[in-house]
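*Asks:* Just passing along the structure, written as structure tokens.
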Amino acid sequence: MKKVLLKDIAQHVGVSTALVSYVLNGQAEEKQVSKENAEKIRLAAIELNYQPNQVAKSLRTQKTHTIGLVVADINYRFSTGITRAIEAEAKRRNFTVIYGSSDEDAQKFSQLTNVLVNRQVDGLILVPSEDSEEQIVLLQQSGTPFVLVDRYFPNIDTNYVALDNYQATYDAVSYLVKTGHKKISFINLETSLFHLLERDRGYRDALKDHHLETNPEWMRHLRPQHIKEDMELATRQLLERGNPSDAVLFATDRLSIAGLKQFNDYGIRIPKDISVMSFDEADAFDLFYCPISHSRQPLEKMGEAAVDILVDLINKENTHKQLYFRTDFIAGKSCRE
């Protein structure tokens with residue numbers, strides 16, 4: 001089948017090739033093409049099945065209309081949710097998304113970002129892994145447009161879209177206090193990532209502000225590569241020691257699932273024996289006998305905001321935005337009231 005060219009559309013409509021180019025490149029209004037002619041040209045392009053040469057267009061505009069996306073682990077519900085949100089908004093803005101997963105590995109994160117930059121993406125949306133500050137600084141120095149999502153480094157001044165992790169955790173603990181819980185445990189990951197450290201801070205401050213007992217044994221940090229065995233020990237100790245917890249807040253959905261499985265193995269009944277709350281939601285909660293109370297991140301809004309900021313950066317607009325979003329709370333039946 002013969003490839004349809006701009007001159008074919010021009011001949012079909014009876015206008016100049018330049019006029020067709022203006023319309024199909026989004027310059028109809030700028031070049032003062034009449035609405036009637038613009039509509040005829042667009043209809044002819046559809047009728048003739050015109051397919052633009054993206055490579056040639058990229059050379060002319062110095063843009064590929066592609067966005068590189070790197071998530072931390074594609075198996076996480078957050079990763080799949082934020083990817084869908086970013087893809088939807090990018091499509092609306094006429095961008096294609098190329099993405100990969102760093103699997104929480106700083107070296108792989110660096111390799112992926114370098115590959116995407118070499119593929120000449122117009123910009124990057126990144127969920128950085130732990131210890132990836134050096135790569136972020138290098139991106140800044142290179143002038144590559146990028147936006148961080150979910151995670152950021154407070155010592156590096158970047159554009160980012162993040163959750164207010166401190167307030168979300170503070171509110172979760174406050175809810176447990178309001179429903180009568182006084183011995184609240186918190187299980188988090190052993191990490192240097194700022195967003196998780198903010199969840200620690202929110203937990204500690206909520207206990208302090210509500211004048212509740214703080215017990216070092218109630219705040220546990222599990223090794224990311226040893227969650228199963230660390231969770232087994234942590235949950236057992238929370239229940240068996242002389243001063244057992246009456247509620248536990250898990251800092252991530254992955255920890256929540258591991259903790260619920262362990263409680264099941266121990267024969268612990270929720271919420272009769274202990275109340276449970278998750279910082280985030282997980283599809284696996286639907287399979288649990290008791291609906292789990294949890295915070296819900298506004299993934300669609302976060303994804304839209306990340307794309308909007310990045311497109312402004314790509315278009316050379318002087319943008320500097322650091323946006324925080326609040327979680328919604330979904331009340332299940334896993335907390336005694």
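Residue names in the structure tokens use chain letters A, B, ... in the order shown, residue numbers from 1 in each chain, and ligand numbers from 1 in the order shown.
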Could you name the residues that touch Phe146 (chain A) at 10 Å or less, counting only C-alpha atoms, but leaving out those on the same chain fewer than 4 positions away, as number ranges by chain?

*Replies:* A: 67-69, 122-126, 136, 139-140, 158-160, 306-307, 309-311, 313-314

*Asks:* Quick one: write out the picked residues with all heavy atoms as a compact mmCIF listing (two decimals), in the first residue's frame?

*Replies:*
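The new file selection_13.txt reads:
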# COMPACT_ATOMS: atom_id res chain seq x y z
N ILE A 67 7.85 9.82 27.01
CA ILE A 67 8.22 10.04 28.40
C ILE A 67 8.78 8.73 28.95
O ILE A 67 8.20 7.66 28.74
CB ILE A 67 7.00 10.47 29.23
CG1 ILE A 67 6.56 11.88 28.85
CG2 ILE A 67 7.29 10.39 30.74
CD1 ILE A 67 5.24 12.30 29.47
N GLY A 68 9.91 8.81 29.62
CA GLY A 68 10.47 7.64 30.28
C GLY A 68 9.98 7.57 31.71
O GLY A 68 9.96 8.57 32.43
N LEU A 69 9.55 6.39 32.13
CA LEU A 69 9.04 6.18 33.49
C LEU A 69 9.79 5.02 34.13
O LEU A 69 9.89 3.95 33.56
CB LEU A 69 7.54 5.86 33.45
CG LEU A 69 6.90 5.36 34.74
CD1 LEU A 69 6.96 6.43 35.84
CD2 LEU A 69 5.44 4.94 34.49
N ASP A 122 11.71 12.73 25.90
CA ASP A 122 11.66 14.17 26.16
C ASP A 122 11.84 14.50 27.64
O ASP A 122 12.25 15.61 27.99
CB ASP A 122 10.32 14.74 25.67
CG ASP A 122 10.19 14.66 24.16
OD1 ASP A 122 11.23 14.72 23.48
OD2 ASP A 122 9.07 14.53 23.66
N GLY A 123 11.51 13.55 28.49
CA GLY A 123 11.64 13.77 29.93
C GLY A 123 11.40 12.49 30.69
O GLY A 123 11.01 11.47 30.11
N LEU A 124 11.63 12.54 32.00
CA LEU A 124 11.54 11.35 32.84
C LEU A 124 10.63 11.58 34.04
O LEU A 124 10.63 12.65 34.65
CB LEU A 124 12.93 10.97 33.37
CG LEU A 124 13.99 10.56 32.36
CD1 LEU A 124 15.37 10.60 33.02
CD2 LEU A 124 13.70 9.17 31.81
N ILE A 125 9.87 10.55 34.39
CA ILE A 125 9.13 10.50 35.65
C ILE A 125 9.72 9.33 36.43
O ILE A 125 9.74 8.20 35.93
CB ILE A 125 7.62 10.32 35.43
CG1 ILE A 125 7.06 11.54 34.68
CG2 ILE A 125 6.90 10.15 36.77
CD1 ILE A 125 5.58 11.43 34.35
N LEU A 126 10.20 9.59 37.63
CA LEU A 126 11.00 8.60 38.35
C LEU A 126 10.48 8.35 39.76
O LEU A 126 10.18 9.29 40.50
CB LEU A 126 12.45 9.07 38.44
CG LEU A 126 13.15 9.46 37.13
CD1 LEU A 126 14.48 10.14 37.43
CD2 LEU A 126 13.34 8.23 36.25
N ILE A 136 20.32 11.16 40.54
CA ILE A 136 19.42 12.31 40.46
C ILE A 136 20.22 13.59 40.24
O ILE A 136 19.85 14.45 39.43
CB ILE A 136 18.57 12.43 41.74
CG1 ILE A 136 17.70 11.17 41.93
CG2 ILE A 136 17.70 13.67 41.70
CD1 ILE A 136 16.77 10.86 40.79
N LEU A 139 21.38 13.77 36.67
CA LEU A 139 20.29 14.17 35.78
C LEU A 139 20.09 15.68 35.84
O LEU A 139 19.87 16.34 34.81
CB LEU A 139 19.00 13.45 36.16
CG LEU A 139 18.86 11.99 35.72
CD1 LEU A 139 17.61 11.38 36.33
CD2 LEU A 139 18.81 11.89 34.21
N GLN A 140 20.15 16.24 37.03
CA GLN A 140 20.02 17.69 37.17
C GLN A 140 21.10 18.41 36.39
O GLN A 140 20.84 19.37 35.66
CB GLN A 140 20.12 18.08 38.65
CG GLN A 140 18.82 17.99 39.42
CD GLN A 140 18.96 18.59 40.80
OE1 GLN A 140 20.00 18.51 41.43
NE2 GLN A 140 17.90 19.20 41.29
N THR A 158 14.43 19.34 43.86
CA THR A 158 13.89 18.85 42.59
C THR A 158 12.39 19.09 42.53
O THR A 158 11.75 19.40 43.53
CB THR A 158 14.12 17.33 42.43
OG1 THR A 158 13.49 16.65 43.54
CG2 THR A 158 15.60 16.99 42.42
N ASN A 159 11.84 18.94 41.34
CA ASN A 159 10.38 18.88 41.19
C ASN A 159 9.92 17.50 41.64
O ASN A 159 10.51 16.49 41.25
CB ASN A 159 9.98 19.10 39.72
CG ASN A 159 10.19 20.53 39.27
OD1 ASN A 159 9.36 21.40 39.51
ND2 ASN A 159 11.31 20.78 38.61
N TYR A 160 8.85 17.47 42.43
CA TYR A 160 8.32 16.16 42.84
C TYR A 160 6.84 16.22 43.16
O TYR A 160 6.28 17.28 43.45
CB TYR A 160 9.10 15.58 44.02
CG TYR A 160 9.10 16.39 45.30
CD1 TYR A 160 7.98 16.44 46.14
CD2 TYR A 160 10.23 17.10 45.70
CE1 TYR A 160 8.00 17.14 47.32
CE2 TYR A 160 10.26 17.83 46.87
CZ TYR A 160 9.13 17.84 47.69
OH TYR A 160 9.15 18.57 48.85
N ALA A 306 2.16 14.72 37.93
CA ALA A 306 3.54 14.44 37.49
C ALA A 306 3.69 14.72 36.00
O ALA A 306 4.67 15.33 35.57
CB ALA A 306 3.91 13.00 37.81
N VAL A 307 2.72 14.27 35.21
CA VAL A 307 2.80 14.50 33.75
C VAL A 307 2.68 15.99 33.44
O VAL A 307 3.42 16.52 32.60
CB VAL A 307 1.69 13.71 33.02
CG1 VAL A 307 1.67 14.07 31.53
CG2 VAL A 307 1.91 12.21 33.18
N ILE A 309 3.51 18.58 35.27
CA ILE A 309 4.76 19.28 35.60
C ILE A 309 5.83 18.97 34.56
O ILE A 309 6.56 19.86 34.11
CB ILE A 309 5.25 18.87 37.01
CG1 ILE A 309 4.28 19.37 38.08
CG2 ILE A 309 6.64 19.43 37.28
CD1 ILE A 309 4.57 18.83 39.47
N LEU A 310 5.94 17.68 34.19
CA LEU A 310 6.98 17.30 33.23
C LEU A 310 6.76 17.95 31.87
O LEU A 310 7.73 18.42 31.25
CB LEU A 310 7.02 15.78 33.08
CG LEU A 310 8.14 15.26 32.17
CD1 LEU A 310 9.50 15.63 32.74
CD2 LEU A 310 8.03 13.75 31.97
N VAL A 311 5.52 18.01 31.41
CA VAL A 311 5.25 18.63 30.11
C VAL A 311 5.64 20.11 30.15
O VAL A 311 6.19 20.64 29.18
CB VAL A 311 3.78 18.44 29.70
CG1 VAL A 311 3.44 19.27 28.46
CG2 VAL A 311 3.50 16.96 29.42
N LEU A 313 8.03 21.36 31.93
CA LEU A 313 9.49 21.37 31.87
C LEU A 313 9.98 21.12 30.45
O LEU A 313 10.93 21.75 29.97
CB LEU A 313 10.07 20.31 32.81
CG LEU A 313 9.89 20.55 34.32
CD1 LEU A 313 10.32 19.32 35.10
CD2 LEU A 313 10.69 21.77 34.76
N ILE A 314 9.34 20.17 29.77
CA ILE A 314 9.71 19.85 28.39
C ILE A 314 9.51 21.06 27.49
O ILE A 314 10.31 21.32 26.58
CB ILE A 314 8.90 18.63 27.88
CG1 ILE A 314 9.33 17.36 28.61
CG2 ILE A 314 9.03 18.47 26.37
CD1 ILE A 314 8.40 16.18 28.38

*Asks:* Could you give me, as a PyMOL selection string, the residues within 8 Å of region 287-291 of chain A, counting only C-alpha atoms and dropping anything in the same chain fewer than 6 positions from it?

*Replies:* chain A and resi 270+332-334

*Asks:* For a test of reading the model, state the distance in Å between CA of Ala72 (chain A) and CA of Gly259 (chain A), rounded to one decimal.

*Replies:* 21.6 Å

*Asks:* Return as a PyMOL selection string the full set of residues in region 128-208 of chain A whose backbone-based DSSP assignment is helix (DSSP H, G or I).

*Replies:* chain A and resi 133-142+165-178+194-208

*Asks:* Output N, CA, C and O atoms for every residue in the selection just made, as a compact mmCIF listing (two decimals), in the first residue's frame.

*Replies:*
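File result.txt, as written:
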# COMPACT_ATOMS: atom_id res chain seq x y z
N GLU A 133 20.66 8.96 45.00
CA GLU A 133 20.86 10.41 44.98
C GLU A 133 21.87 10.85 43.91
O GLU A 133 21.66 11.87 43.25
N GLU A 134 22.94 10.09 43.76
CA GLU A 134 23.98 10.48 42.79
C GLU A 134 23.41 10.56 41.38
O GLU A 134 23.74 11.48 40.62
N GLN A 135 22.57 9.59 41.02
CA GLN A 135 21.97 9.60 39.69
C GLN A 135 21.05 10.79 39.50
O GLN A 135 21.01 11.39 38.42
N ILE A 136 20.32 11.16 40.54
CA ILE A 136 19.42 12.31 40.46
C ILE A 136 20.22 13.59 40.24
O ILE A 136 19.85 14.45 39.43
N VAL A 137 21.32 13.73 40.94
CA VAL A 137 22.18 14.92 40.78
C VAL A 137 22.74 14.97 39.35
O VAL A 137 22.79 16.04 38.72
N LEU A 138 23.16 13.82 38.82
CA LEU A 138 23.69 13.78 37.46
C LEU A 138 22.62 14.19 36.45
O LEU A 138 22.92 14.90 35.48
N LEU A 139 21.38 13.77 36.67
CA LEU A 139 20.29 14.17 35.78
C LEU A 139 20.09 15.68 35.84
O LEU A 139 19.87 16.34 34.81
N GLN A 140 20.15 16.24 37.03
CA GLN A 140 20.02 17.69 37.17
C GLN A 140 21.10 18.41 36.39
O GLN A 140 20.84 19.37 35.66
N GLN A 141 22.32 17.94 36.52
CA GLN A 141 23.45 18.57 35.85
C GLN A 141 23.37 18.46 34.33
O GLN A 141 23.84 19.33 33.60
N SER A 142 22.73 17.39 33.85
CA SER A 142 22.61 17.17 32.40
C SER A 142 21.52 18.04 31.77
O SER A 142 21.46 18.19 30.55
N ASN A 165 3.34 11.86 53.83
CA ASN A 165 3.46 10.61 54.59
C ASN A 165 3.37 10.83 56.09
O ASN A 165 2.82 9.99 56.82
N TYR A 166 3.91 11.94 56.54
CA TYR A 166 3.85 12.26 57.97
C TYR A 166 2.39 12.38 58.42
O TYR A 166 1.96 11.72 59.38
N GLN A 167 1.63 13.21 57.72
CA GLN A 167 0.24 13.45 58.13
C GLN A 167 -0.61 12.20 57.98
O GLN A 167 -1.49 11.93 58.82
N ALA A 168 -0.37 11.42 56.93
CA ALA A 168 -1.16 10.21 56.72
C ALA A 168 -0.98 9.23 57.87
O ALA A 168 -1.95 8.62 58.37
N THR A 169 0.25 9.07 58.33
CA THR A 169 0.51 8.16 59.45
C THR A 169 -0.02 8.73 60.75
O THR A 169 -0.60 8.01 61.58
N TYR A 170 0.16 10.02 60.94
CA TYR A 170 -0.37 10.69 62.13
C TYR A 170 -1.89 10.49 62.22
O TYR A 170 -2.43 10.16 63.28
N ASP A 171 -2.57 10.67 61.08
CA ASP A 171 -4.03 10.52 61.06
C ASP A 171 -4.45 9.07 61.32
O ASP A 171 -5.47 8.82 61.99
N ALA A 172 -3.68 8.11 60.80
CA ALA A 172 -4.01 6.70 61.01
C ALA A 172 -3.91 6.34 62.49
O ALA A 172 -4.79 5.66 63.06
N VAL A 173 -2.84 6.80 63.15
CA VAL A 173 -2.69 6.53 64.58
C VAL A 173 -3.79 7.24 65.36
O VAL A 173 -4.37 6.67 66.30
N SER A 174 -4.12 8.46 64.97
CA SER A 174 -5.17 9.22 65.66
C SER A 174 -6.51 8.49 65.56
O SER A 174 -7.31 8.51 66.51
N TYR A 175 -6.77 7.87 64.42
CA TYR A 175 -8.01 7.10 64.27
C TYR A 175 -8.03 5.93 65.25
O TYR A 175 -9.06 5.66 65.91
N LEU A 176 -6.91 5.25 65.38
CA LEU A 176 -6.84 4.12 66.32
C LEU A 176 -7.04 4.60 67.75
O LEU A 176 -7.71 3.93 68.55
N VAL A 177 -6.49 5.76 68.07
CA VAL A 177 -6.68 6.32 69.42
C VAL A 177 -8.15 6.65 69.64
O VAL A 177 -8.72 6.34 70.70
N LYS A 178 -8.75 7.27 68.64
CA LYS A 178 -10.17 7.66 68.74
C LYS A 178 -11.07 6.46 68.96
O LYS A 178 -12.10 6.56 69.63
N PHE A 194 13.31 8.67 52.61
CA PHE A 194 12.71 9.74 53.39
C PHE A 194 11.22 9.53 53.63
O PHE A 194 10.72 9.81 54.73
N HIS A 195 10.49 9.06 52.62
CA HIS A 195 9.04 8.93 52.79
C HIS A 195 8.68 7.92 53.86
O HIS A 195 7.69 8.10 54.60
N LEU A 196 9.48 6.87 54.02
CA LEU A 196 9.23 5.89 55.07
C LEU A 196 9.68 6.42 56.44
O LEU A 196 9.04 6.12 57.46
N LEU A 197 10.74 7.20 56.46
CA LEU A 197 11.16 7.83 57.72
C LEU A 197 10.11 8.82 58.21
O LEU A 197 9.90 8.97 59.42
N GLU A 198 9.43 9.47 57.27
CA GLU A 198 8.35 10.38 57.64
C GLU A 198 7.18 9.63 58.27
O GLU A 198 6.49 10.16 59.14
N ARG A 199 6.97 8.40 57.87
CA ARG A 199 5.92 7.59 58.50
C ARG A 199 6.31 7.25 59.94
O ARG A 199 5.45 7.25 60.83
N ASP A 200 7.58 6.99 60.18
CA ASP A 200 8.06 6.79 61.56
C ASP A 200 7.76 8.04 62.40
O ASP A 200 7.26 7.95 63.52
N ARG A 201 8.09 9.20 61.85
CA ARG A 201 7.92 10.46 62.58
C ARG A 201 6.44 10.72 62.88
O ARG A 201 6.09 11.17 63.99
N GLY A 202 5.58 10.44 61.92
CA GLY A 202 4.15 10.63 62.14
C GLY A 202 3.62 9.74 63.24
O GLY A 202 2.79 10.17 64.07
N TYR A 203 4.10 8.51 63.30
CA TYR A 203 3.69 7.56 64.35
C TYR A 203 4.13 8.06 65.73
O TYR A 203 3.34 8.13 66.67
N ARG A 204 5.41 8.44 65.83
CA ARG A 204 5.94 8.88 67.13
C ARG A 204 5.23 10.15 67.63
O ARG A 204 4.85 10.25 68.80
N ASP A 205 5.03 11.11 66.72
CA ASP A 205 4.39 12.35 67.13
C ASP A 205 2.94 12.15 67.53
O ASP A 205 2.44 12.82 68.45
N ALA A 206 2.23 11.26 66.84
CA ALA A 206 0.83 11.01 67.18
C ALA A 206 0.72 10.41 68.58
O ALA A 206 -0.14 10.82 69.37
N LEU A 207 1.58 9.47 68.90
CA LEU A 207 1.56 8.89 70.25
C LEU A 207 1.85 9.98 71.30
O LEU A 207 1.18 10.06 72.34
N LYS A 208 2.85 10.80 71.01
CA LYS A 208 3.23 11.85 71.95
C LYS A 208 2.09 12.85 72.14
O LYS A 208 1.76 13.22 73.29

*Asks:* I'd like a table as a Markdown table: residues in region 295-318 of chain A with an atom no more than 12 Å from region 234-255 of chain A, each row giving the shortest atom pair and its distance in Å to one decimal, only C-alpha atoms counted, sorted by chain and rising residue number.

*Replies:*
| residue | atom | partner | partner_atom | distance |
| --- | --- | --- | --- | --- |
| A:Ser295 | CA | A:Asp253 | CA | 9.9 |
| A:Arg296 | CA | A:Asp253 | CA | 10.5 |
| A:Gln297 | CA | A:Asp253 | CA | 11.5 |

*Asks:* So how many Å separate CA of His221 (chain A) and CA of Gly81 (chain A), to one decimal?

*Replies:*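 Between CA of His221 (chain A) and CA of Gly81 (chain A) the gap works out to 25.9 Å.
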
*Asks:* Could you name the residues that touch Phe325 (chain A) at 9 Å or less, counting only C-alpha atoms, but leaving out those on the same chain fewer than 4 positions away, as a PDB file with N, CA and C atoms, in the first residue's frame?

*Replies:*
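Okay, this is what ended up in part18.pdb:
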ATOM      1  N   VAL A 161       6.243  15.036  43.102  1.00  0.00           N
ATOM      2  CA  VAL A 161       4.848  14.827  43.480  1.00  0.00           C
ATOM      3  C   VAL A 161       4.872  13.723  44.529  1.00  0.00           C
ATOM      4  N   ALA A 162       4.432  14.034  45.725  1.00  0.00           N
ATOM      5  CA  ALA A 162       4.568  13.074  46.816  1.00  0.00           C
ATOM      6  C   ALA A 162       3.342  13.088  47.714  1.00  0.00           C
ATOM      7  N   LEU A 163       3.272  12.076  48.537  1.00  0.00           N
ATOM      8  CA  LEU A 163       2.241  11.984  49.547  1.00  0.00           C
ATOM      9  C   LEU A 163       2.731  12.676  50.810  1.00  0.00           C
ATOM     10  N   ASP A 164       1.819  13.235  51.581  1.00  0.00           N
ATOM     11  CA  ASP A 164       2.178  13.753  52.895  1.00  0.00           C
ATOM     12  C   ASP A 164       2.216  12.561  53.854  1.00  0.00           C
ATOM     13  N   ASN A 165       3.339  11.859  53.828  1.00  0.00           N
ATOM     14  CA  ASN A 165       3.463  10.613  54.586  1.00  0.00           C
ATOM     15  C   ASN A 165       3.373  10.830  56.090  1.00  0.00           C
ATOM     16  N   GLN A 297      -4.012   6.068  48.557  1.00  0.00           N
ATOM     17  CA  GLN A 297      -3.287   7.150  47.907  1.00  0.00           C
ATOM     18  C   GLN A 297      -4.021   7.601  46.642  1.00  0.00           C
ATOM     19  N   PRO A 298      -4.081   8.899  46.387  1.00  0.00           N
ATOM     20  CA  PRO A 298      -4.786   9.424  45.201  1.00  0.00           C
ATOM     21  C   PRO A 298      -3.910   9.269  43.948  1.00  0.00           C
ATOM     22  N   LYS A 301      -4.604  11.439  40.682  1.00  0.00           N
ATOM     23  CA  LYS A 301      -4.217  12.848  40.822  1.00  0.00           C
ATOM     24  C   LYS A 301      -2.706  13.003  40.817  1.00  0.00           C
ATOM     25  N   MET A 302      -2.015  12.079  41.483  1.00  0.00           N
ATOM     26  CA  MET A 302      -0.555  12.155  41.525  1.00  0.00           C
ATOM     27  C   MET A 302       0.048  11.942  40.137  1.00  0.00           C
TER      28      MET A 302
END

*Asks:* Write out as a compact mmCIF listing (two decimals) with all heavy atoms, in the first residue's frame which residues come within 10 Å of region 41-51 of chain A when counting only C-alpha atoms, dropping same-chain ones fewer than 2 positions away.

*Replies:*
# COMPACT_ATOMS: atom_id res chain seq x y z
N LYS A 3 2.29 4.79 0.77
CA LYS A 3 2.25 5.66 1.94
C LYS A 3 1.67 7.01 1.54
O LYS A 3 2.06 7.62 0.54
CB LYS A 3 3.65 5.84 2.52
CG LYS A 3 3.69 6.70 3.78
CD LYS A 3 5.08 6.74 4.36
CE LYS A 3 5.15 7.66 5.57
NZ LYS A 3 4.28 7.21 6.66
N VAL A 4 0.71 7.49 2.35
CA VAL A 4 0.06 8.77 2.08
C VAL A 4 0.96 9.90 2.56
O VAL A 4 1.44 9.90 3.70
CB VAL A 4 -1.31 8.85 2.78
CG1 VAL A 4 -1.95 10.22 2.55
CG2 VAL A 4 -2.22 7.74 2.26
N LEU A 5 1.22 10.87 1.68
CA LEU A 5 2.08 12.00 2.01
C LEU A 5 1.24 13.27 2.18
O LEU A 5 0.07 13.33 1.82
CB LEU A 5 3.12 12.21 0.90
CG LEU A 5 4.00 11.00 0.56
CD1 LEU A 5 4.90 11.32 -0.62
CD2 LEU A 5 4.83 10.59 1.78
N LEU A 6 1.90 14.30 2.72
CA LEU A 6 1.20 15.57 2.90
C LEU A 6 0.68 16.11 1.57
O LEU A 6 -0.41 16.68 1.50
CB LEU A 6 2.14 16.60 3.55
CG LEU A 6 2.59 16.34 4.99
CD1 LEU A 6 3.49 17.48 5.46
CD2 LEU A 6 1.40 16.21 5.92
N ASP A 8 -0.39 14.44 -0.93
CA ASP A 8 -1.60 13.72 -1.32
C ASP A 8 -2.84 14.33 -0.68
O ASP A 8 -3.90 14.46 -1.31
CB ASP A 8 -1.49 12.24 -0.92
CG ASP A 8 -0.33 11.55 -1.62
OD1 ASP A 8 -0.09 11.84 -2.81
OD2 ASP A 8 0.35 10.73 -0.97
N ILE A 9 -2.70 14.70 0.60
CA ILE A 9 -3.83 15.35 1.30
C ILE A 9 -4.09 16.71 0.67
O ILE A 9 -5.25 17.11 0.47
CB ILE A 9 -3.51 15.48 2.81
CG1 ILE A 9 -3.30 14.10 3.43
CG2 ILE A 9 -4.63 16.24 3.53
CD1 ILE A 9 -2.84 14.14 4.88
N ALA A 10 -3.02 17.43 0.35
CA ALA A 10 -3.15 18.76 -0.26
C ALA A 10 -3.91 18.69 -1.58
O ALA A 10 -4.82 19.50 -1.84
CB ALA A 10 -1.77 19.38 -0.46
N HIS A 12 -5.94 16.30 -2.51
CA HIS A 12 -7.30 15.82 -2.24
C HIS A 12 -8.21 16.97 -1.82
O HIS A 12 -9.38 17.03 -2.25
CB HIS A 12 -7.24 14.77 -1.12
CG HIS A 12 -8.56 14.10 -0.86
ND1 HIS A 12 -9.03 13.05 -1.62
CD2 HIS A 12 -9.51 14.35 0.08
CE1 HIS A 12 -10.20 12.68 -1.15
NE2 HIS A 12 -10.52 13.45 -0.12
N VAL A 13 -7.67 17.89 -1.01
CA VAL A 13 -8.48 19.00 -0.50
C VAL A 13 -8.43 20.21 -1.45
O VAL A 13 -9.38 21.00 -1.51
CB VAL A 13 -7.98 19.42 0.91
CG1 VAL A 13 -8.78 20.59 1.46
CG2 VAL A 13 -8.07 18.23 1.87
N GLY A 14 -7.32 20.34 -2.21
CA GLY A 14 -7.17 21.48 -3.09
C GLY A 14 -6.53 22.66 -2.40
O GLY A 14 -6.91 23.82 -2.64
N VAL A 15 -5.56 22.39 -1.52
CA VAL A 15 -4.84 23.45 -0.82
C VAL A 15 -3.35 23.18 -0.95
O VAL A 15 -2.94 22.17 -1.52
CB VAL A 15 -5.23 23.52 0.69
CG1 VAL A 15 -6.70 23.90 0.84
CG2 VAL A 15 -4.93 22.20 1.39
N LEU A 19 -0.08 24.38 3.96
CA LEU A 19 -1.30 24.53 4.75
C LEU A 19 -1.63 23.23 5.48
O LEU A 19 -2.01 23.23 6.66
CB LEU A 19 -2.46 24.94 3.83
CG LEU A 19 -3.54 25.85 4.44
CD1 LEU A 19 -2.94 27.17 4.85
CD2 LEU A 19 -4.67 26.04 3.47
N VAL A 20 -1.46 22.12 4.78
CA VAL A 20 -1.71 20.81 5.40
C VAL A 20 -0.75 20.59 6.57
O VAL A 20 -1.14 20.12 7.64
CB VAL A 20 -1.54 19.68 4.35
CG1 VAL A 20 -1.65 18.31 5.03
CG2 VAL A 20 -2.59 19.81 3.25
N SER A 21 0.51 20.96 6.37
CA SER A 21 1.53 20.79 7.41
C SER A 21 1.16 21.59 8.66
O SER A 21 1.28 21.10 9.78
CB SER A 21 2.89 21.22 6.88
OG SER A 21 3.87 21.13 7.91
N VAL A 23 -1.77 22.52 9.73
CA VAL A 23 -2.94 21.95 10.43
C VAL A 23 -2.56 20.69 11.19
O VAL A 23 -2.88 20.53 12.37
CB VAL A 23 -4.08 21.66 9.43
CG1 VAL A 23 -5.21 20.88 10.12
CG2 VAL A 23 -4.61 22.95 8.83
N LEU A 24 -1.83 19.78 10.53
CA LEU A 24 -1.51 18.49 11.16
C LEU A 24 -0.43 18.60 12.23
O LEU A 24 -0.27 17.71 13.04
CB LEU A 24 -1.10 17.48 10.09
CG LEU A 24 -2.18 17.15 9.05
CD1 LEU A 24 -1.70 16.04 8.11
CD2 LEU A 24 -3.49 16.74 9.72
N LYS A 35 -11.08 27.88 9.70
CA LYS A 35 -11.65 26.70 10.36
C LYS A 35 -12.18 25.70 9.33
O LYS A 35 -12.10 24.49 9.52
CB LYS A 35 -12.76 27.12 11.32
CG LYS A 35 -12.24 27.87 12.54
CD LYS A 35 -13.37 28.19 13.51
CE LYS A 35 -12.84 28.92 14.74
NZ LYS A 35 -13.93 29.26 15.68
N GLU A 36 -12.74 26.23 8.25
CA GLU A 36 -13.30 25.36 7.20
C GLU A 36 -12.20 24.51 6.56
O GLU A 36 -12.34 23.30 6.41
CB GLU A 36 -13.99 26.22 6.14
CG GLU A 36 -14.62 25.39 5.03
CD GLU A 36 -15.24 26.26 3.94
OE1 GLU A 36 -15.20 27.52 4.09
OE2 GLU A 36 -15.74 25.70 2.95
N ASN A 37 -11.10 25.15 6.19
CA ASN A 37 -9.99 24.41 5.57
C ASN A 37 -9.34 23.43 6.55
O ASN A 37 -8.96 22.32 6.18
CB ASN A 37 -8.94 25.38 5.03
CG ASN A 37 -9.29 25.92 3.65
OD1 ASN A 37 -10.07 25.29 2.92
ND2 ASN A 37 -8.74 27.06 3.29
N ALA A 38 -9.19 23.87 7.79
CA ALA A 38 -8.59 23.01 8.80
C ALA A 38 -9.42 21.73 8.98
O ALA A 38 -8.86 20.62 9.07
CB ALA A 38 -8.47 23.76 10.12
N GLU A 39 -10.73 21.89 9.02
CA GLU A 39 -11.61 20.74 9.19
C GLU A 39 -11.53 19.80 7.98
O GLU A 39 -11.47 18.57 8.12
CB GLU A 39 -13.05 21.22 9.40
CG GLU A 39 -14.05 20.10 9.71
CD GLU A 39 -13.77 19.38 11.01
OE1 GLU A 39 -13.03 19.92 11.86
OE2 GLU A 39 -14.27 18.25 11.16
N ASN A 53 5.18 10.62 9.88
CA ASN A 53 6.52 10.07 10.06
C ASN A 53 7.09 10.65 11.35
O ASN A 53 7.57 11.78 11.38
CB ASN A 53 7.41 10.45 8.86
CG ASN A 53 8.78 9.80 8.94
OD1 ASN A 53 9.30 9.54 10.02
ND2 ASN A 53 9.37 9.53 7.78
N GLN A 54 7.03 9.85 12.42
CA GLN A 54 7.44 10.36 13.73
C GLN A 54 8.93 10.68 13.79
O GLN A 54 9.35 11.59 14.49
CB GLN A 54 7.07 9.35 14.82
CG GLN A 54 5.57 9.16 15.03
CD GLN A 54 4.89 10.44 15.52
OE1 GLN A 54 5.54 11.33 16.03
NE2 GLN A 54 3.58 10.53 15.33

*Asks:* As a list of chain:residue names, please: the residues near Ile330 (chain A) (cut-off 10 Å, only C-alpha atoms, same-chain neighbours under 5 positions excluded).

*Replies:*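 After dropping sequence-adjacent residues, the list is A:Met277, A:Ser278, A:Asp280, A:Glu281, A:Pro291, A:Ile292, A:Ser293, A:His294, A:Ser295, A:Arg296.
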
*Asks:* Report, in Å to a single decimal, how far apart CA of Phe153 (chain A) and CA of Thr64 (chain A) are.

*Replies:*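 Calculated distance between CA of Thr64 (chain A) and CA of Phe153 (chain A) is 28.8 Å.
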
*Asks:* Identify, on the basis of only C-alpha atoms, every residue whose closest approach to Glu229 (chain A) does not exceed 10 Å; exclude the query and any residue fewer than 5 positions from it along the same chain; express the result as a PyMOL selection string.

*Replies:* chain A and resi 222-223+234+258+262
